Amino acid sequence: MTNAAVFNLGNDQAYQEWREAKLADYPKSLGELVVEIQDPYALTTSERNAILQLCAKTNMVVYAVKDPDKIKENPLPALLKQLGVSDVDYNLGAGDSGLSKLSPGGSAHGPFANYIPYRQAQIGWHTDGYYNTNDRQVQTLSLYCERSSHEGGENELLDHEIAYIQLRDENPEFIKTFMDPDVMTIPARMDGDKVARPDRTGPVFSVKDGHLHMRYTARTISIKWKDTPEVKAAIDALTRIMKGPSPYIIRGRLENGLGLISNNVLHTREAFSDLDNGPKRELYRLRCFDRVESP
Ligand SMILES: [Fe+2]
């Protein structure tokens with residue numbers, strides 16, 4: 001159970017106690033993150049408990065639908081609702097249900113069609129929605145794979161609380177730097193000479209209702225970091241952590257019927273490809289502004 005004291009740099013005792021519990025028996029492989037579910041529209045009590053407990057421990061769960069051929073309707077909204085998550089991010093690239101299809105042609109909104117999630121390219125480390133306002137940060141990031149790509153598309157996952165621990169252990173100043181509300185700015189998105197979205201400035205790490213949130217992208221264009229040696233040092237340290245090798249970086253590919261439920265952990269995506277005349281990848285994403293319930 002986390003609380004704000006854990007993330008307060010002045011309270012080393014609370015941090016150390018939490019850290020010890022967090023790292024004890026921490027999963028180190030994708031298999032340990034998997035929860036099998038029979039029916040995503042009607043979780044059993046034990047399936048639900050398994051998801052909530054794992055999510056509280058690692059901030060991420062890979063669920064495996066037992067019989068994906070029986071799935072008639074995208075299970076993400078129903079699944080999340082059963083986990084206490086319902087404040088859907090109806091972002092511009094998503095359809096009316098808030099679901100985004102992360103494949104070429106998947107954007108429901110023209111101007112986003114060429115954005116990287118809707119292409120086949122590799123995507124570096126980030127959390128979702130880092131360009132949102134601070135009060136509309138994505139707390140839950142979820143995926144469902146209806147059909148995996150012919151090749152590629154693996155994800156790397158890193159619990160942002162682990163990144164926090166590794167940074168704080170190396171130098172608590174990194175945390176102070178990343179909690180600075182001016183540290184990272186995503187410059188305005190222009191539509192011709194009109195501002196489609198203004199600058200978004202905010203911290204990397206913030207604490208909401210006692211839970212740690214991370215706002216980050218490794219991209220180097222369309223981002224403005226505060227120009228100080230401290231910020232550079234903190235970014236360098238985080239970059240080293242994410243580069244690995246690390247037992248905490250979990251790598252895998254979502255195959256048919258598999259999905260991710262996460263408290264918006266750090267993640268990457270490898271490039272993927274499909275055969276010209278074969279079936280195309282069908283991977284869906286749903287983002288929400290509320291968190292998976294605590295167990
Ligand atoms: Fe993402």
# chains A, B, ... in the order shown; residues from 1 in each chain; ligands from 1
>>> closest_atom_pairs(of="chain A", to="ligand 1", cutoff="10 Å", atoms="only C-alpha atoms and all ligand atoms", output="CSV")
residue,atom,partner,partner_atom_place_in_ligand_line,distance
A:Leu102,CA,ligand 1,1 (Fe),9.7
A:Ile116,CA,ligand 1,1 (Fe),9.8
A:Pro117,CA,ligand 1,1 (Fe),7.5
A:Ile123,CA,ligand 1,1 (Fe),8.0
A:Gly124,CA,ligand 1,1 (Fe),9.0
A:Trp125,CA,ligand 1,1 (Fe),8.3
A:His126,CA,ligand 1,1 (Fe),6.4
A:Thr127,CA,ligand 1,1 (Fe),5.8
A:Asp128,CA,ligand 1,1 (Fe),4.8
A:Gly129,CA,ligand 1,1 (Fe),8.0
A:Tyr130,CA,ligand 1,1 (Fe),9.8
A:Leu141,CA,ligand 1,1 (Fe),7.9
A:Ser142,CA,ligand 1,1 (Fe),9.5
A:Leu143,CA,ligand 1,1 (Fe),9.7
A:Asn155,CA,ligand 1,1 (Fe),9.7
A:Thr217,CA,ligand 1,1 (Fe),9.5
A:Asn264,CA,ligand 1,1 (Fe),8.3
A:Val265,CA,ligand 1,1 (Fe),9.0
A:Leu266,CA,ligand 1,1 (Fe),8.1
A:His267,CA,ligand 1,1 (Fe),6.4
A:Thr268,CA,ligand 1,1 (Fe),7.0
A:Arg269,CA,ligand 1,1 (Fe),7.8
A:Arg285,CA,ligand 1,1 (Fe),8.9
A:Arg287,CA,ligand 1,1 (Fe),9.8
>>> residues_around(residues="segment 16-22 of chain A", least_positions_apart="2", cutoff="10 Å", atoms="only C-alpha atoms", output="list in words")
Met1, Thr2, Asn3, Ala5, Val6, Phe7, Asn11, Asp12, Gln13, Ala14, Ala24, Asp25, Tyr26, Ala56, Lys57, Thr58, Glu161, Ile162, Ile165 and Asp169 of chain A
>>> write_last_selection(atoms="N, CA, C and O atoms", output="PDB file, in the first residue's frame")
ATOM      1  N   MET A   1       0.867  -1.201   0.000  1.00  0.00           N
ATOM      2  CA  MET A   1       0.000   0.000   0.000  1.00  0.00           C
ATOM      3  C   MET A   1       0.893   1.237   0.000  1.00  0.00           C
ATOM      4  O   MET A   1       1.754   1.383   0.851  1.00  0.00           O
ATOM      5  N   THR A   2       0.709   2.078  -0.954  1.00  0.00           N
ATOM      6  CA  THR A   2       1.555   3.262  -1.016  1.00  0.00           C
ATOM      7  C   THR A   2       0.834   4.457  -0.404  1.00  0.00           C
ATOM      8  O   THR A   2      -0.365   4.499  -0.314  1.00  0.00           O
ATOM      9  N   ASN A   3       1.607   5.400   0.016  1.00  0.00           N
ATOM     10  CA  ASN A   3       1.021   6.668   0.423  1.00  0.00           C
ATOM     11  C   ASN A   3       2.027   7.767   0.117  1.00  0.00           C
ATOM     12  O   ASN A   3       3.184   7.494  -0.203  1.00  0.00           O
ATOM     13  N   ALA A   5       3.781   9.732   1.748  1.00  0.00           N
ATOM     14  CA  ALA A   5       5.017   9.838   2.532  1.00  0.00           C
ATOM     15  C   ALA A   5       6.176   9.087   1.876  1.00  0.00           C
ATOM     16  O   ALA A   5       7.333   9.503   1.960  1.00  0.00           O
ATOM     17  N   VAL A   6       5.843   7.989   1.209  1.00  0.00           N
ATOM     18  CA  VAL A   6       6.863   7.158   0.559  1.00  0.00           C
ATOM     19  C   VAL A   6       7.651   7.969  -0.471  1.00  0.00           C
ATOM     20  O   VAL A   6       8.853   7.786  -0.638  1.00  0.00           O
ATOM     21  N   PHE A   7       6.934   8.870  -1.144  1.00  0.00           N
ATOM     22  CA  PHE A   7       7.559   9.609  -2.243  1.00  0.00           C
ATOM     23  C   PHE A   7       8.055  10.993  -1.809  1.00  0.00           C
ATOM     24  O   PHE A   7       8.453  11.809  -2.636  1.00  0.00           O
ATOM     25  N   ASN A  11      11.308  11.840   3.902  1.00  0.00           N
ATOM     26  CA  ASN A  11      10.912  10.717   4.753  1.00  0.00           C
ATOM     27  C   ASN A  11      11.592   9.431   4.286  1.00  0.00           C
ATOM     28  O   ASN A  11      10.998   8.618   3.580  1.00  0.00           O
ATOM     29  N   ASP A  12      12.838   9.295   4.683  1.00  0.00           N
ATOM     30  CA  ASP A  12      13.599   8.138   4.195  1.00  0.00           C
ATOM     31  C   ASP A  12      13.083   6.829   4.792  1.00  0.00           C
ATOM     32  O   ASP A  12      13.114   5.793   4.134  1.00  0.00           O
ATOM     33  N   GLN A  13      12.591   6.897   6.014  1.00  0.00           N
ATOM     34  CA  GLN A  13      12.141   5.654   6.650  1.00  0.00           C
ATOM     35  C   GLN A  13      10.940   5.061   5.899  1.00  0.00           C
ATOM     36  O   GLN A  13      10.909   3.862   5.598  1.00  0.00           O
ATOM     37  N   ALA A  14       9.962   5.912   5.596  1.00  0.00           N
ATOM     38  CA  ALA A  14       8.777   5.427   4.860  1.00  0.00           C
ATOM     39  C   ALA A  14       9.217   4.863   3.513  1.00  0.00           C
ATOM     40  O   ALA A  14       8.743   3.804   3.076  1.00  0.00           O
ATOM     41  N   ALA A  24      10.715  -7.134  -2.782  1.00  0.00           N
ATOM     42  CA  ALA A  24      10.663  -8.531  -2.331  1.00  0.00           C
ATOM     43  C   ALA A  24       9.822  -9.351  -3.307  1.00  0.00           C
ATOM     44  O   ALA A  24       8.687  -8.974  -3.627  1.00  0.00           O
ATOM     45  N   ASP A  25      10.391 -10.432  -3.806  1.00  0.00           N
ATOM     46  CA  ASP A  25       9.693 -11.318  -4.753  1.00  0.00           C
ATOM     47  C   ASP A  25       9.152 -10.581  -5.975  1.00  0.00           C
ATOM     48  O   ASP A  25       8.059 -10.875  -6.461  1.00  0.00           O
ATOM     49  N   TYR A  26       9.876  -9.611  -6.435  1.00  0.00           N
ATOM     50  CA  TYR A  26       9.392  -8.856  -7.596  1.00  0.00           C
ATOM     51  C   TYR A  26       9.507  -9.718  -8.857  1.00  0.00           C
ATOM     52  O   TYR A  26      10.558 -10.299  -9.119  1.00  0.00           O
ATOM     53  N   ALA A  56      -1.149  -4.041  -8.128  1.00  0.00           N
ATOM     54  CA  ALA A  56      -0.678  -3.266  -6.970  1.00  0.00           C
ATOM     55  C   ALA A  56       0.813  -3.497  -6.755  1.00  0.00           C
ATOM     56  O   ALA A  56       1.539  -2.614  -6.307  1.00  0.00           O
ATOM     57  N   LYS A  57       1.287  -4.678  -7.089  1.00  0.00           N
ATOM     58  CA  LYS A  57       2.701  -5.010  -6.890  1.00  0.00           C
ATOM     59  C   LYS A  57       3.591  -4.420  -7.989  1.00  0.00           C
ATOM     60  O   LYS A  57       4.626  -3.824  -7.709  1.00  0.00           O
ATOM     61  N   THR A  58       3.194  -4.622  -9.235  1.00  0.00           N
ATOM     62  CA  THR A  58       4.088  -4.325 -10.366  1.00  0.00           C
ATOM     63  C   THR A  58       3.575  -3.221 -11.283  1.00  0.00           C
ATOM     64  O   THR A  58       4.245  -2.872 -12.250  1.00  0.00           O
ATOM     65  N   GLU A 161       7.666   2.698 -10.915  1.00  0.00           N
ATOM     66  CA  GLU A 161       8.105   2.760  -9.512  1.00  0.00           C
ATOM     67  C   GLU A 161       9.500   2.144  -9.357  1.00  0.00           C
ATOM     68  O   GLU A 161      10.266   2.547  -8.488  1.00  0.00           O
ATOM     69  N   ILE A 162       9.826   1.173 -10.199  1.00  0.00           N
ATOM     70  CA  ILE A 162      11.184   0.611 -10.179  1.00  0.00           C
ATOM     71  C   ILE A 162      12.171   1.665 -10.693  1.00  0.00           C
ATOM     72  O   ILE A 162      13.251   1.860 -10.120  1.00  0.00           O
ATOM     73  N   ILE A 165      12.766   4.026  -7.920  1.00  0.00           N
ATOM     74  CA  ILE A 165      13.654   3.462  -6.889  1.00  0.00           C
ATOM     75  C   ILE A 165      15.112   3.512  -7.357  1.00  0.00           C
ATOM     76  O   ILE A 165      16.010   3.918  -6.606  1.00  0.00           O
ATOM     77  N   ASP A 169      17.799   5.715  -5.396  1.00  0.00           N
ATOM     78  CA  ASP A 169      18.927   5.035  -4.760  1.00  0.00           C
ATOM     79  C   ASP A 169      20.257   5.600  -5.259  1.00  0.00           C
ATOM     80  O   ASP A 169      21.222   5.686  -4.506  1.00  0.00           O
TER      81      ASP A 169
END
>>> atom_distance(atom1="atom CA of Leu30 of chain A", atom2="atom CA of Asp67 of chain A")
19.9 Å
>>> decode(residues="segment 40-73 of chain A", atoms="N, CA and C atoms", output="compact mmCIF listing (two decimals), in the first residue's frame")
# COMPACT_ATOMS: atom_id res chain seq x y z
N PRO A 40 -13.63 -12.37 -20.20
CA PRO A 40 -13.27 -10.99 -19.83
C PRO A 40 -14.48 -10.12 -19.48
N TYR A 41 -15.68 -10.56 -19.89
CA TYR A 41 -16.89 -9.77 -19.58
C TYR A 41 -17.43 -10.11 -18.19
N ALA A 42 -16.95 -11.20 -17.63
CA ALA A 42 -17.43 -11.63 -16.30
C ALA A 42 -16.28 -12.33 -15.57
N LEU A 43 -15.41 -11.53 -14.97
CA LEU A 43 -14.26 -12.10 -14.24
C LEU A 43 -14.76 -12.87 -13.02
N THR A 44 -14.07 -13.93 -12.70
CA THR A 44 -14.37 -14.61 -11.43
C THR A 44 -13.70 -13.80 -10.32
N THR A 45 -14.11 -14.07 -9.09
CA THR A 45 -13.52 -13.34 -7.96
C THR A 45 -12.02 -13.59 -7.90
N SER A 46 -11.60 -14.81 -8.15
CA SER A 46 -10.16 -15.08 -8.03
C SER A 46 -9.37 -14.46 -9.18
N GLU A 47 -9.94 -14.42 -10.37
CA GLU A 47 -9.26 -13.75 -11.49
C GLU A 47 -9.12 -12.25 -11.18
N ARG A 48 -10.20 -11.68 -10.69
CA ARG A 48 -10.19 -10.25 -10.39
C ARG A 48 -9.16 -9.94 -9.29
N ASN A 49 -9.17 -10.76 -8.25
CA ASN A 49 -8.20 -10.55 -7.17
C ASN A 49 -6.77 -10.69 -7.67
N ALA A 50 -6.54 -11.67 -8.53
CA ALA A 50 -5.18 -11.88 -9.05
C ALA A 50 -4.72 -10.65 -9.84
N ILE A 51 -5.61 -10.09 -10.63
CA ILE A 51 -5.26 -8.90 -11.42
C ILE A 51 -4.98 -7.71 -10.49
N LEU A 52 -5.87 -7.51 -9.51
CA LEU A 52 -5.70 -6.35 -8.61
C LEU A 52 -4.40 -6.47 -7.79
N GLN A 53 -4.12 -7.69 -7.33
CA GLN A 53 -2.93 -7.86 -6.49
C GLN A 53 -1.64 -7.68 -7.29
N LEU A 54 -1.62 -8.24 -8.48
CA LEU A 54 -0.43 -8.11 -9.32
C LEU A 54 -0.24 -6.65 -9.73
N CYS A 55 -1.32 -6.01 -10.06
CA CYS A 55 -1.25 -4.61 -10.49
C CYS A 55 -0.75 -3.72 -9.34
N ALA A 56 -1.15 -4.04 -8.13
CA ALA A 56 -0.68 -3.27 -6.97
C ALA A 56 0.81 -3.50 -6.76
N LYS A 57 1.29 -4.68 -7.09
CA LYS A 57 2.70 -5.01 -6.89
C LYS A 57 3.59 -4.42 -7.99
N THR A 58 3.19 -4.62 -9.24
CA THR A 58 4.09 -4.33 -10.37
C THR A 58 3.58 -3.22 -11.28
N ASN A 59 2.37 -2.74 -11.01
CA ASN A 59 1.72 -1.73 -11.86
C ASN A 59 1.37 -2.25 -13.25
N MET A 60 1.48 -3.56 -13.46
CA MET A 60 1.11 -4.11 -14.78
C MET A 60 0.75 -5.58 -14.68
N VAL A 61 -0.17 -5.96 -15.56
CA VAL A 61 -0.63 -7.35 -15.64
C VAL A 61 -0.81 -7.68 -17.11
N VAL A 62 -0.37 -8.86 -17.50
CA VAL A 62 -0.70 -9.35 -18.85
C VAL A 62 -1.81 -10.36 -18.67
N TYR A 63 -2.96 -10.08 -19.23
CA TYR A 63 -4.06 -11.04 -19.11
C TYR A 63 -4.13 -11.88 -20.38
N ALA A 64 -4.53 -13.12 -20.20
CA ALA A 64 -4.61 -14.05 -21.33
C ALA A 64 -6.03 -14.60 -21.37
N VAL A 65 -6.76 -14.24 -22.40
CA VAL A 65 -8.12 -14.75 -22.56
C VAL A 65 -8.03 -16.20 -23.04
N LYS A 66 -8.67 -17.08 -22.29
CA LYS A 66 -8.55 -18.52 -22.52
C LYS A 66 -8.95 -18.92 -23.94
N ASP A 67 -10.06 -18.38 -24.41
CA ASP A 67 -10.57 -18.80 -25.72
C ASP A 67 -10.88 -17.56 -26.57
N PRO A 68 -9.82 -16.93 -27.12
CA PRO A 68 -10.03 -15.65 -27.81
C PRO A 68 -10.98 -15.74 -29.00
N ASP A 69 -11.13 -16.94 -29.57
CA ASP A 69 -12.04 -17.06 -30.73
C ASP A 69 -13.48 -16.78 -30.34
N LYS A 70 -13.77 -16.89 -29.05
CA LYS A 70 -15.16 -16.65 -28.61
C LYS A 70 -15.44 -15.17 -28.38
N ILE A 71 -14.39 -14.34 -28.44
CA ILE A 71 -14.56 -12.91 -28.17
C ILE A 71 -15.29 -12.24 -29.33
N LYS A 72 -16.44 -11.64 -29.00
CA LYS A 72 -17.23 -11.03 -30.07
C LYS A 72 -17.04 -9.52 -30.10
N GLU A 73 -16.78 -8.95 -28.96
CA GLU A 73 -16.76 -7.50 -28.84
C GLU A 73 -15.48 -7.14 -28.09
